[in-house]
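As stored in coords_10.pdb (PDB, C-alpha atoms):
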ATOM      1  CA  MET K   1      18.138 -17.629   2.208  1.00  0.00           C
ATOM      2  CA  PRO K   2      20.550 -14.708   2.762  1.00  0.00           C
ATOM      3  CA  GLN K   3      20.955 -12.200   0.002  1.00  0.00           C
ATOM      4  CA  SER K   4      24.699 -12.927  -0.302  1.00  0.00           C
ATOM      5  CA  ALA K   5      24.218 -16.690  -0.809  1.00  0.00           C
ATOM      6  CA  ASP K   6      25.707 -18.443  -3.816  1.00  0.00           C
ATOM      7  CA  ASN K   7      23.690 -17.883  -6.964  1.00  0.00           C
ATOM      8  CA  ARG K   8      23.481 -20.697  -9.501  1.00  0.00           C
ATOM      9  CA  PHE K   9      23.747 -20.088 -13.237  1.00  0.00           C
ATOM     10  CA  SER K  10      23.132 -22.386 -16.200  1.00  0.00           C
ATOM     11  CA  CYS K  11      22.881 -22.339 -19.968  1.00  0.00           C
ATOM     12  CA  ALA K  12      19.497 -22.731 -21.652  1.00  0.00           C
ATOM     13  CA  CYS K  13      19.727 -26.521 -21.889  1.00  0.00           C
ATOM     14  CA  GLY K  14      21.192 -26.960 -18.397  1.00  0.00           C
ATOM     15  CA  THR K  15      24.450 -28.595 -19.494  1.00  0.00           C
ATOM     16  CA  LEU K  16      26.840 -25.823 -18.448  1.00  0.00           C
ATOM     17  CA  THR K  17      26.225 -24.893 -14.813  1.00  0.00           C
ATOM     18  CA  GLY K  18      28.009 -23.116 -12.018  1.00  0.00           C
ATOM     19  CA  HIS K  19      27.587 -20.510  -9.344  1.00  0.00           C
ATOM     20  CA  VAL K  20      28.551 -16.987  -8.387  1.00  0.00           C
ATOM     21  CA  ARG K  21      29.579 -16.420  -4.779  1.00  0.00           C
ATOM     22  CA  ASN K  22      28.982 -13.305  -2.706  1.00  0.00           C
ATOM     23  CA  MET K  23      26.257 -11.838  -4.898  1.00  0.00           C
ATOM     24  CA  SER K  24      24.590  -8.889  -3.227  1.00  0.00           C
ATOM     25  CA  PRO K  25      23.956  -5.238  -4.157  1.00  0.00           C
ATOM     26  CA  GLY K  26      27.046  -4.324  -2.147  1.00  0.00           C
ATOM     27  CA  THR K  27      29.421  -6.646  -4.009  1.00  0.00           C
ATOM     28  CA  VAL K  28      28.225  -6.547  -7.644  1.00  0.00           C
ATOM     29  CA  VAL K  29      26.947  -4.000 -10.154  1.00  0.00           C
ATOM     30  CA  ARG K  30      23.956  -4.681 -12.370  1.00  0.00           C
ATOM     31  CA  ALA K  31      24.017  -2.779 -15.653  1.00  0.00           C
ATOM     32  CA  VAL K  32      22.288  -2.781 -19.040  1.00  0.00           C
ATOM     33  CA  CYS K  33      24.199  -2.265 -22.284  1.00  0.00           C
ATOM     34  CA  PHE K  34      22.585  -1.076 -25.528  1.00  0.00           C
ATOM     35  CA  CYS K  35      25.738  -1.031 -27.673  1.00  0.00           C
ATOM     36  CA  ALA K  36      25.855  -2.379 -31.213  1.00  0.00           C
ATOM     37  CA  ASP K  37      28.449  -4.976 -30.238  1.00  0.00           C
ATOM     38  CA  CYS K  38      26.334  -6.560 -27.505  1.00  0.00           C
ATOM     39  CA  ARG K  39      23.405  -6.671 -29.888  1.00  0.00           C
ATOM     40  CA  ALA K  40      25.526  -8.254 -32.635  1.00  0.00           C
ATOM     41  CA  ALA K  41      26.936 -10.815 -30.196  1.00  0.00           C
ATOM     42  CA  ASP K  42      23.443 -12.049 -29.352  1.00  0.00           C
ATOM     43  CA  LEU K  43      22.400 -12.174 -32.983  1.00  0.00           C
ATOM     44  CA  ASN K  44      25.572 -14.101 -33.822  1.00  0.00           C
ATOM     45  CA  LEU K  45      24.425 -16.835 -31.448  1.00  0.00           C
ATOM     46  CA  GLY K  46      20.893 -16.891 -32.820  1.00  0.00           C
ATOM     47  CA  GLN K  47      19.383 -15.140 -29.804  1.00  0.00           C
ATOM     48  CA  PRO K  48      16.444 -12.691 -29.878  1.00  0.00           C
ATOM     49  CA  ASP K  49      17.347  -9.146 -30.882  1.00  0.00           C
ATOM     50  CA  PRO K  50      17.997  -7.122 -27.676  1.00  0.00           C
ATOM     51  CA  ALA K  51      17.924  -3.724 -29.433  1.00  0.00           C
ATOM     52  CA  LYS K  52      14.927  -2.452 -27.438  1.00  0.00           C
ATOM     53  CA  THR K  53      15.696  -3.976 -24.047  1.00  0.00           C
ATOM     54  CA  GLY K  54      19.487  -3.906 -23.987  1.00  0.00           C
ATOM     55  CA  VAL K  55      21.611  -6.692 -22.540  1.00  0.00           C
ATOM     56  CA  ASP K  56      21.211  -7.097 -18.775  1.00  0.00           C
ATOM     57  CA  LEU K  57      24.523  -7.954 -17.068  1.00  0.00           C
ATOM     58  CA  VAL K  58      25.866  -8.401 -13.545  1.00  0.00           C
ATOM     59  CA  GLN K  59      29.490  -7.335 -13.108  1.00  0.00           C
ATOM     60  CA  VAL K  60      31.219  -9.652 -10.623  1.00  0.00           C
ATOM     61  CA  SER K  61      34.731 -10.577  -9.560  1.00  0.00           C
ATOM     62  CA  PRO K  62      36.277 -13.468 -11.567  1.00  0.00           C
ATOM     63  CA  SER K  63      37.317 -15.186  -8.338  1.00  0.00           C
ATOM     64  CA  ASP K  64      33.641 -15.500  -7.382  1.00  0.00           C
ATOM     65  CA  VAL K  65      32.700 -17.493 -10.509  1.00  0.00           C
ATOM     66  CA  SER K  66      32.916 -21.303 -10.496  1.00  0.00           C
ATOM     67  CA  ILE K  67      31.826 -23.868 -13.070  1.00  0.00           C
ATOM     68  CA  ASP K  68      30.229 -26.999 -11.645  1.00  0.00           C
ATOM     69  CA  SER K  69      29.372 -29.051 -14.730  1.00  0.00           C
ATOM     70  CA  GLY K  70      29.659 -28.980 -18.515  1.00  0.00           C
ATOM     71  CA  GLU K  71      32.943 -27.057 -18.576  1.00  0.00           C
ATOM     72  CA  ALA K  72      33.847 -28.741 -21.885  1.00  0.00           C
ATOM     73  CA  HIS K  73      30.998 -26.773 -23.473  1.00  0.00           C
ATOM     74  CA  LEU K  74      32.416 -23.388 -22.507  1.00  0.00           C
ATOM     75  CA  ALA K  75      33.309 -21.688 -25.812  1.00  0.00           C
ATOM     76  CA  LEU K  76      34.580 -18.293 -26.864  1.00  0.00           C
ATOM     77  CA  PHE K  77      34.293 -15.797 -29.713  1.00  0.00           C
ATOM     78  CA  ARG K  78      35.266 -12.212 -30.427  1.00  0.00           C
ATOM     79  CA  LEU K  79      33.580  -9.792 -32.777  1.00  0.00           C
ATOM     80  CA  TYR K  80      36.955  -8.201 -33.540  1.00  0.00           C
ATOM     81  CA  PRO K  81      40.569  -9.369 -33.091  1.00  0.00           C
ATOM     82  CA  SER K  82      40.891  -6.964 -30.168  1.00  0.00           C
ATOM     83  CA  GLY K  83      37.292  -7.119 -28.941  1.00  0.00           C
ATOM     84  CA  LEU K  84      35.815  -8.336 -25.677  1.00  0.00           C
ATOM     85  CA  LEU K  85      35.927 -12.052 -24.940  1.00  0.00           C
ATOM     86  CA  ARG K  86      32.387 -13.354 -25.251  1.00  0.00           C
ATOM     87  CA  TRP K  87      31.896 -16.722 -23.584  1.00  0.00           C
ATOM     88  CA  TYR K  88      28.966 -18.973 -24.418  1.00  0.00           C
ATOM     89  CA  ALA K  89      27.726 -22.545 -24.073  1.00  0.00           C
ATOM     90  CA  ASP K  90      28.278 -24.315 -27.387  1.00  0.00           C
ATOM     91  CA  CYS K  91      25.739 -27.024 -26.494  1.00  0.00           C
ATOM     92  CA  CYS K  92      22.842 -24.595 -26.989  1.00  0.00           C
ATOM     93  CA  LYS K  93      24.465 -21.327 -28.161  1.00  0.00           C
ATOM     94  CA  THR K  94      23.622 -19.536 -24.930  1.00  0.00           C
ATOM     95  CA  PRO K  95      25.561 -16.314 -24.217  1.00  0.00           C
ATOM     96  CA  MET K  96      26.928 -16.526 -20.675  1.00  0.00           C
ATOM     97  CA  PHE K  97      29.768 -14.113 -19.818  1.00  0.00           C
ATOM     98  CA  ASN K  98      31.890 -11.231 -21.080  1.00  0.00           C
ATOM     99  CA  THR K  99      35.473 -10.604 -19.970  1.00  0.00           C
ATOM    100  CA  THR K 100      38.322  -8.418 -21.103  1.00  0.00           C
ATOM    101  CA  ALA K 101      41.323  -9.997 -22.815  1.00  0.00           C
ATOM    102  CA  THR K 102      43.496  -9.939 -19.692  1.00  0.00           C
ATOM    103  CA  PRO K 103      42.916 -11.567 -16.298  1.00  0.00           C
ATOM    104  CA  LYS K 104      44.459  -8.552 -14.588  1.00  0.00           C
ATOM    105  CA  ILE K 105      41.269  -6.582 -15.226  1.00  0.00           C
ATOM    106  CA  ARG K 106      39.060  -8.314 -12.709  1.00  0.00           C
ATOM    107  CA  LEU K 107      35.709  -8.258 -14.432  1.00  0.00           C
ATOM    108  CA  VAL K 108      33.204 -10.890 -15.452  1.00  0.00           C
ATOM    109  CA  ALA K 109      29.886  -9.640 -16.792  1.00  0.00           C
ATOM    110  CA  VAL K 110      27.404 -12.455 -16.201  1.00  0.00           C
ATOM    111  CA  ARG K 111      24.189 -12.559 -18.185  1.00  0.00           C
ATOM    112  CA  THR K 112      21.477 -11.762 -15.662  1.00  0.00           C
ATOM    113  CA  ASN K 113      18.930 -14.037 -17.356  1.00  0.00           C
ATOM    114  CA  ARG K 114      21.214 -17.036 -16.755  1.00  0.00           C
ATOM    115  CA  ILE K 115      21.258 -16.765 -12.948  1.00  0.00           C
ATOM    116  CA  ASP K 116      18.604 -18.241 -10.663  1.00  0.00           C
ATOM    117  CA  HIS K 117      18.042 -15.212  -8.432  1.00  0.00           C
ATOM    118  CA  PRO K 118      18.798 -11.985 -10.315  1.00  0.00           C
ATOM    119  CA  GLU K 119      17.118  -9.986  -7.563  1.00  0.00           C
ATOM    120  CA  ARG K 120      20.148 -10.674  -5.359  1.00  0.00           C
ATOM    121  CA  ALA K 121      22.158  -8.389  -7.626  1.00  0.00           C
ATOM    122  CA  GLY K 122      19.834  -5.512  -6.787  1.00  0.00           C
ATOM    123  CA  PRO K 123      18.338  -3.058  -9.284  1.00  0.00           C
ATOM    124  CA  VAL K 124      19.991  -1.842 -12.469  1.00  0.00           C
ATOM    125  CA  ARG K 125      22.473   0.858 -11.403  1.00  0.00           C
ATOM    126  CA  ALA K 126      23.933   1.933 -14.739  1.00  0.00           C
ATOM    127  CA  ARG K 127      23.152   1.901 -18.449  1.00  0.00           C
ATOM    128  CA  ALA K 128      25.584   2.132 -21.345  1.00  0.00           C
ATOM    129  CA  PHE K 129      25.053   3.356 -24.921  1.00  0.00           C
ATOM    130  CA  VAL K 130      21.438   4.295 -24.210  1.00  0.00           C
ATOM    131  CA  PRO K 131      19.633   5.549 -27.360  1.00  0.00           C
ATOM    132  CA  LYS K 132      19.041   9.308 -27.283  1.00  0.00           C
ATOM    133  CA  ARG K 133      17.535  11.851 -29.645  1.00  0.00           C
ATOM    134  CA  LYS K 134      18.785  12.218 -33.215  1.00  0.00           C
ATOM    135  CA  GLY K 135      20.467   8.830 -33.187  1.00  0.00           C
ATOM    136  CA  LYS K 136      22.900   9.712 -30.425  1.00  0.00           C
ATOM    137  CA  ARG K 137      23.802   7.469 -27.492  1.00  0.00           C
ATOM    138  CA  GLY K 138      24.884   8.221 -23.953  1.00  0.00           C
ATOM    139  CA  HIS K 139      25.729   6.602 -20.633  1.00  0.00           C
ATOM    140  CA  GLU K 140      23.852   6.741 -17.351  1.00  0.00           C
ATOM    141  CA  HIS K 141      26.058   6.554 -14.225  1.00  0.00           C
ATOM    142  CA  PRO K 142      29.089   5.028 -15.995  1.00  0.00           C
ATOM    143  CA  MET K 143      31.371   5.399 -12.951  1.00  0.00           C
ATOM    144  CA  ARG K 144      29.185   2.908 -11.112  1.00  0.00           C
ATOM    145  CA  MET K 145      30.476   0.336 -13.616  1.00  0.00           C
ATOM    146  CA  ILE K 146      34.049   1.564 -13.943  1.00  0.00           C
ATOM    147  CA  TRP K 147      35.065   2.361 -10.364  1.00  0.00           C
ATOM    148  CA  PRO K 148      34.444  -1.092  -8.772  1.00  0.00           C
ATOM    149  CA  VAL K 149      36.398  -2.783 -11.575  1.00  0.00           C
ATOM    150  CA  ALA K 150      39.320  -0.400 -11.081  1.00  0.00           C
ATOM    151  CA  VAL K 151      39.369  -1.010  -7.320  1.00  0.00           C
ATOM    152  CA  ARG K 152      39.143  -4.808  -7.699  1.00  0.00           C
ATOM    153  CA  SER K 153      41.835  -4.843 -10.356  1.00  0.00           C
ATOM    154  CA  LEU K 154      44.278  -2.834  -8.252  1.00  0.00           C
ATOM    155  CA  ALA K 155      43.599  -5.014  -5.226  1.00  0.00           C
ATOM    156  CA  GLY K 156      44.055  -8.139  -7.349  1.00  0.00           C
ATOM    157  CA  LEU K 157      47.413  -6.942  -8.665  1.00  0.00           C
ATOM    158  CA  ILE K 158      48.642  -6.335  -5.119  1.00  0.00           C
ATOM    159  CA  SER K 159      47.337  -9.623  -3.684  1.00  0.00           C
ATOM    160  CA  GLY K 160      47.872 -11.822  -6.740  1.00  0.00           C
ATOM    161  CA  ASP K 161      44.188 -12.767  -6.729  1.00  0.00           C
ATOM    162  CA  TRP K 162      43.967 -11.917 -10.443  1.00  0.00           C
ATOM    163  CA  ARG K 163      45.222 -15.468 -11.009  1.00  0.00           C
ATOM    164  CA  ASN K 164      42.058 -16.910  -9.466  1.00  0.00           C
ATOM    165  CA  THR K 165      39.787 -17.273 -12.500  1.00  0.00           C
ATOM    166  CA  VAL K 166      38.235 -20.081 -14.539  1.00  0.00           C
ATOM    167  CA  PHE K 167      38.596 -18.072 -17.762  1.00  0.00           C
ATOM    168  CA  PHE K 168      42.383 -17.715 -18.007  1.00  0.00           C
ATOM    169  CA  ASP K 169      45.501 -19.808 -17.554  1.00  0.00           C
ATOM    170  CA  PRO K 170      47.360 -18.040 -14.718  1.00  0.00           C
ATOM    171  CA  GLU K 171      50.768 -18.970 -16.127  1.00  0.00           C
ATOM    172  CA  THR K 172      50.305 -17.903 -19.753  1.00  0.00           C
ATOM    173  CA  ARG K 173      47.550 -15.334 -19.002  1.00  0.00           C
ATOM    174  CA  ASN K 174      45.780 -16.617 -22.101  1.00  0.00           C
ATOM    175  CA  PRO K 175      42.091 -17.528 -22.249  1.00  0.00           C
ATOM    176  CA  VAL K 176      41.394 -21.198 -21.536  1.00  0.00           C
ATOM    177  CA  ARG K 177      39.687 -21.465 -24.928  1.00  0.00           C
ATOM    178  CA  ASP K 178      40.775 -20.387 -28.385  1.00  0.00           C
ATOM    179  CA  ALA K 179      38.513 -17.627 -29.628  1.00  0.00           C
ATOM    180  CA  THR K 180      36.694 -17.713 -32.935  1.00  0.00           C
ATOM    181  CA  ILE K 181      37.029 -14.248 -34.471  1.00  0.00           C
ATOM    182  CA  LEU K 182      34.309 -13.048 -36.807  1.00  0.00           C
ATOM    183  CA  THR K 183      35.291 -11.951 -40.304  1.00  0.00           C
ATOM    184  CA  GLN K 184      34.440  -8.531 -41.666  1.00  0.00           C
ATOM    185  CA  ASP K 185      31.707 -10.081 -43.804  1.00  0.00           C
ATOM    186  CA  GLU K 186      30.220 -11.765 -40.746  1.00  0.00           C
ATOM    187  CA  ARG K 187      30.325  -8.508 -38.801  1.00  0.00           C
ATOM    188  CA  SER K 188      28.686  -6.652 -41.682  1.00  0.00           C
ATOM    189  CA  ALA K 189      25.918  -9.244 -41.807  1.00  0.00           C
ATOM    190  CA  LEU K 190      25.230  -8.468 -38.148  1.00  0.00           C
ATOM    191  CA  GLY K 191      24.956  -4.746 -38.891  1.00  0.00           C
ATOM    192  CA  LEU K 192      28.331  -3.716 -37.498  1.00  0.00           C
ATOM    193  CA  ARG K 193      30.357  -0.961 -39.103  1.00  0.00           C
ATOM    194  CA  PRO K 194      34.028  -1.633 -39.916  1.00  0.00           C
ATOM    195  CA  GLN K 195      35.173   0.744 -37.163  1.00  0.00           C
ATOM    196  CA  ALA K 196      32.413   0.120 -34.631  1.00  0.00           C
ATOM    197  CA  VAL K 197      33.037   1.373 -31.092  1.00  0.00           C
ATOM    198  CA  GLY K 198      33.406  -1.392 -28.530  1.00  0.00           C
ATOM    199  CA  PRO K 199      31.018  -1.798 -25.602  1.00  0.00           C
ATOM    200  CA  ALA K 200      31.385  -1.123 -21.907  1.00  0.00           C
ATOM    201  CA  GLY K 201      29.871  -4.455 -20.897  1.00  0.00           C
TER     202      GLY K 201
END

If you convert what's in this file into structure tokens, what do you get?
Amino acid sequence: MPQSADNRFSCACGTLTGHVRNMSPGTVVRAVCFCADCRAADLNLGQPDPAKTGVDLVQVSPSDVSIDSGEAHLALFRLYPSGLLRWYADCCKTPMFNTTATPKIRLVAVRTNRIDHPERAGPVRARAFVPKRKGKRGHEHPMRMIWPVAVRSLAGLISGDWRNTVFFDPETRNPVRDATILTQDERSALGLRPQAVGPAG
């Protein structure tokens, strides 16, 4: 099967399924994020703590993501009122995707462990919020994550392709689901500080 073939994804119980088109090392970026927000998001859904491994993500174009079944189980939450949109399957509490709050930024970060052939995305090319000495954190090759998103977003604004997404209503530009927003108490219980810095993924 060619490396750019469609790649199927599914939640843990197999109810929410779909596919990502055009997945190859030349069209997507695989990255790992170690930020506190990504860790808290997993813990909020009852997932294993990813503090040591980070969260493995594949950054793809929204127009390449389709949902084939179980769309009614696509749900959404935000750690903060202005935080990333974190999409999950409410049938089994599986984290699935991250997007920004606007469809004009053409980014979907797909959870690598939810796709059938992660090797088609190639090796990890960037890491964000990597733990360093003395409690500090740093990024490894951040422009490999940022530059493709900037190029896609500009091209999408010119062509109008930003409207082609399953995550937003193209007329209102609002997410297709209402987001549950965690309270400060809920964030504190997950180990987040009141003014935590948001993630890159």

Would you give me, as CSV, each residue of region 46-91 of chain K having an atom within 10 Å of an atom of region 126-139 of chain K, along with its shortest atom pair and that distance in Å to one decimal, using all atoms listed in the file and sorting by chain and residue number?
residue,atom,partner,partner_atom,distance
K:Ala51,CA,K:Pro131,CA,9.7
K:Lys52,CA,K:Pro131,CA,9.3
K:Gly54,CA,K:Val130,CA,8.4
K:Val55,CA,K:Arg127,CA,9.6
K:Asp56,CA,K:Arg127,CA,9.2

Residue selection dump (C-alpha atoms) as a compact mmCIF listing (two decimals), keeping the file's coordinate frame:
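So the final result, stored in part.txt, reads:
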# COMPACT_ATOMS: atom_id res chain seq x y z
CA ALA K 51 17.92 -3.72 -29.43
CA LYS K 52 14.93 -2.45 -27.44
CA GLY K 54 19.49 -3.91 -23.99
CA VAL K 55 21.61 -6.69 -22.54
CA ASP K 56 21.21 -7.10 -18.77

Residues near Pro103 (chain K), anyone? I mean within 7 Å using all atoms listed in the file, not counting same-chain ones fewer than 3 positions away, as a PDB file with C-alpha atoms, keeping the file's coordinate frame.
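As a result, out.pdb now contains:
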ATOM      1  CA  ARG K 106      39.060  -8.314 -12.709  1.00  0.00           C
ATOM      2  CA  TRP K 162      43.967 -11.917 -10.443  1.00  0.00           C
ATOM      3  CA  ARG K 163      45.222 -15.468 -11.009  1.00  0.00           C
ATOM      4  CA  PHE K 168      42.383 -17.715 -18.007  1.00  0.00           C
ATOM      5  CA  ARG K 173      47.550 -15.334 -19.002  1.00  0.00           C
TER       6      ARG K 173
END

Once you count all atoms listed in the file, what closest atom pair and distance in Å to one decimal does each residue of region 51-143 of chain K within 10 Å of region 16-26 of chain K have, with rows by chain and rising residue number, as a tab-separated table?
residue	atom	partner	partner_atom	distance
K:Val58	CA	K:Met23	CA	9.3
K:Gln59	CA	K:Met23	CA	9.9
K:Val60	CA	K:Met23	CA	7.9
K:Ser61	CA	K:Val20	CA	9.0
K:Pro62	CA	K:Val20	CA	9.1
K:Ser63	CA	K:Arg21	CA	8.6
K:Asp64	CA	K:Arg21	CA	4.9
K:Val65	CA	K:Val20	CA	4.7
K:Ser66	CA	K:Gly18	CA	5.4
K:Ile67	CA	K:Gly18	CA	4.0
K:Asp68	CA	K:Gly18	CA	4.5
K:Ser69	CA	K:Thr17	CA	5.2
K:Gly70	CA	K:Leu16	CA	4.2
K:Glu71	CA	K:Leu16	CA	6.2
K:Ala72	CA	K:Leu16	CA	8.3
K:His73	CA	K:Leu16	CA	6.6
K:Leu74	CA	K:Leu16	CA	7.3
K:Tyr88	CA	K:Leu16	CA	9.3
K:Ala89	CA	K:Leu16	CA	6.6
K:Asp90	CA	K:Leu16	CA	9.2
K:Cys91	CA	K:Leu16	CA	8.2
K:Cys92	CA	K:Leu16	CA	9.5
K:Thr94	CA	K:Leu16	CA	9.6
K:Met96	CA	K:Leu16	CA	9.6
K:Val110	CA	K:Val20	CA	9.1
K:Arg114	CA	K:Thr17	CA	9.5
K:Ile115	CA	K:His19	CA	8.2
K:Asp116	CA	K:His19	CA	9.4
K:His117	CA	K:Met23	CA	9.6
K:Pro118	CA	K:Met23	CA	9.2
K:Glu119	CA	K:Ser24	CA	8.7
K:Arg120	CA	K:Ser24	CA	5.2
K:Ala121	CA	K:Pro25	CA	5.0
K:Gly122	CA	K:Pro25	CA	4.9
K:Pro123	CA	K:Pro25	CA	7.9
K:Val124	CA	K:Pro25	CA	9.8
K:Arg125	CA	K:Pro25	CA	9.6

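Residue neighbourhood of Ala179 (chain K), excluding near-sequence residues (fewer than 2 positions): Ala75, Leu76, Phe77, Arg78, Leu85, Arg177 and Ile181 of chain K, at 8 Å, using all atoms listed in the file.
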
Now that the selection is made, can you save its residues with C-alpha atoms as a PDB file, in the frame of the given file?
ATOM      1  CA  ALA K  75      33.309 -21.688 -25.812  1.00  0.00           C
ATOM      2  CA  LEU K  76      34.580 -18.293 -26.864  1.00  0.00           C
ATOM      3  CA  PHE K  77      34.293 -15.797 -29.713  1.00  0.00           C
ATOM      4  CA  ARG K  78      35.266 -12.212 -30.427  1.00  0.00           C
ATOM      5  CA  LEU K  85      35.927 -12.052 -24.940  1.00  0.00           C
ATOM      6  CA  ARG K 177      39.687 -21.465 -24.928  1.00  0.00           C
ATOM      7  CA  ILE K 181      37.029 -14.248 -34.471  1.00  0.00           C
TER       8      ILE K 181
END

- request: Could you tell me which residues the PyMOL selection byres ((chain K and resi 152) around 12) grabs in this file, written as a ChimeraX atom specification?
  value: /K:27-28,59-63,103-108,145-151,153-162

message: Restricting the calculation to all atoms listed in the file: of K:Leu182, K:Val166, K:Ala109, K:Leu192, which residue gets closest to Ala31 (chain K)?
response: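 Residue with the minimum atom-to-atom distance to Ala31 (chain K): K:Ala109.
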
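Taking CA of Gly191 (chain K) and CA of Asn44 (chain K) as endpoints, the distance between them is 10.7 Å.
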
Interatomic distance (Å, one decimal) between CA of Thr180 (chain K) and CA of Cys13 (chain K):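 Straight-line distance from CA of Thr180 (chain K) to CA of Cys13 (chain K) works out to 22.1 Å.
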
query: Using all atoms listed in the file, which of K:Phe167, K:Arg30, K:Cys11, K:Glu140 sits nearest Lys93 (chain K)?
result: K:Cys11

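One distance worth recording is that between CA of Gly83 (chain K) and CA of Asp37 (chain K), which is 9.2 Å.
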
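Between Thr112 (chain K) and the residues K:Cys33, K:Leu79, K:Leu57, K:Cys38, the shortest atom-to-atom distance, using only C-alpha atoms, involves K:Leu57.
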
query: Which one of K:Pro81, K:Arg86, K:Asn113, K:Met143 sits closest to Ala41 (chain K) if you count only C-alpha atoms?
result: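 Checking each of K:Pro81, K:Arg86, K:Asn113, K:Met143 against Ala41 (chain K), counting only C-alpha atoms, the winner is K:Arg86.
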
Output, as AutoDock Vina command-line options, the centre and edge lengths in Å (one decimal) of the axis-aligned box that contains all listed atoms of region 10-27 of chain K with 8 Å of margin on each side.
--center_x 24.5 --center_y -16.5 --center_z -12.0 --size_x 26.1 --size_y 40.3 --size_z 35.7

Please, could N, CA, C and O atoms be added to region 59-70 of chain K and the result written as a compact mmCIF listing (two decimals), keeping the file's coordinate frame?
# COMPACT_ATOMS: atom_id res chain seq x y z
N GLN K 59 28.04 -7.39 -13.15
CA GLN K 59 29.49 -7.34 -13.11
C GLN K 59 29.98 -7.89 -11.77
O GLN K 59 29.66 -7.35 -10.71
N VAL K 60 30.75 -8.97 -11.83
CA VAL K 60 31.22 -9.65 -10.62
C VAL K 60 32.73 -9.85 -10.71
O VAL K 60 33.35 -9.67 -11.75
N SER K 61 33.31 -10.27 -9.59
CA SER K 61 34.73 -10.58 -9.56
C SER K 61 34.97 -11.96 -10.15
O SER K 61 34.23 -12.91 -9.84
N PRO K 62 35.99 -12.14 -11.00
CA PRO K 62 36.28 -13.47 -11.57
C PRO K 62 36.49 -14.55 -10.51
O PRO K 62 36.13 -15.71 -10.72
N SER K 63 37.06 -14.19 -9.37
CA SER K 63 37.32 -15.19 -8.34
C SER K 63 36.05 -15.71 -7.69
O SER K 63 36.08 -16.71 -6.97
N ASP K 64 34.92 -15.05 -7.95
CA ASP K 64 33.64 -15.50 -7.38
C ASP K 64 32.85 -16.40 -8.33
O ASP K 64 31.74 -16.82 -8.00
N VAL K 65 33.40 -16.68 -9.52
CA VAL K 65 32.70 -17.49 -10.51
C VAL K 65 33.32 -18.89 -10.56
O VAL K 65 34.53 -19.04 -10.74
N SER K 66 32.48 -19.91 -10.39
CA SER K 66 32.92 -21.30 -10.50
C SER K 66 32.02 -22.05 -11.47
O SER K 66 30.82 -21.76 -11.57
N ILE K 67 32.59 -23.00 -12.18
CA ILE K 67 31.83 -23.87 -13.07
C ILE K 67 31.71 -25.25 -12.42
O ILE K 67 32.71 -25.83 -12.01
N ASP K 68 30.49 -25.74 -12.33
CA ASP K 68 30.23 -27.00 -11.64
C ASP K 68 30.09 -28.18 -12.60
O ASP K 68 30.46 -29.30 -12.26
N SER K 69 29.55 -27.95 -13.78
CA SER K 69 29.37 -29.05 -14.73
C SER K 69 29.37 -28.49 -16.15
O SER K 69 29.08 -27.32 -16.37
N GLY K 70 29.71 -29.36 -17.10
CA GLY K 70 29.66 -28.98 -18.52
C GLY K 70 30.76 -28.04 -18.95
O GLY K 70 30.61 -27.36 -19.98
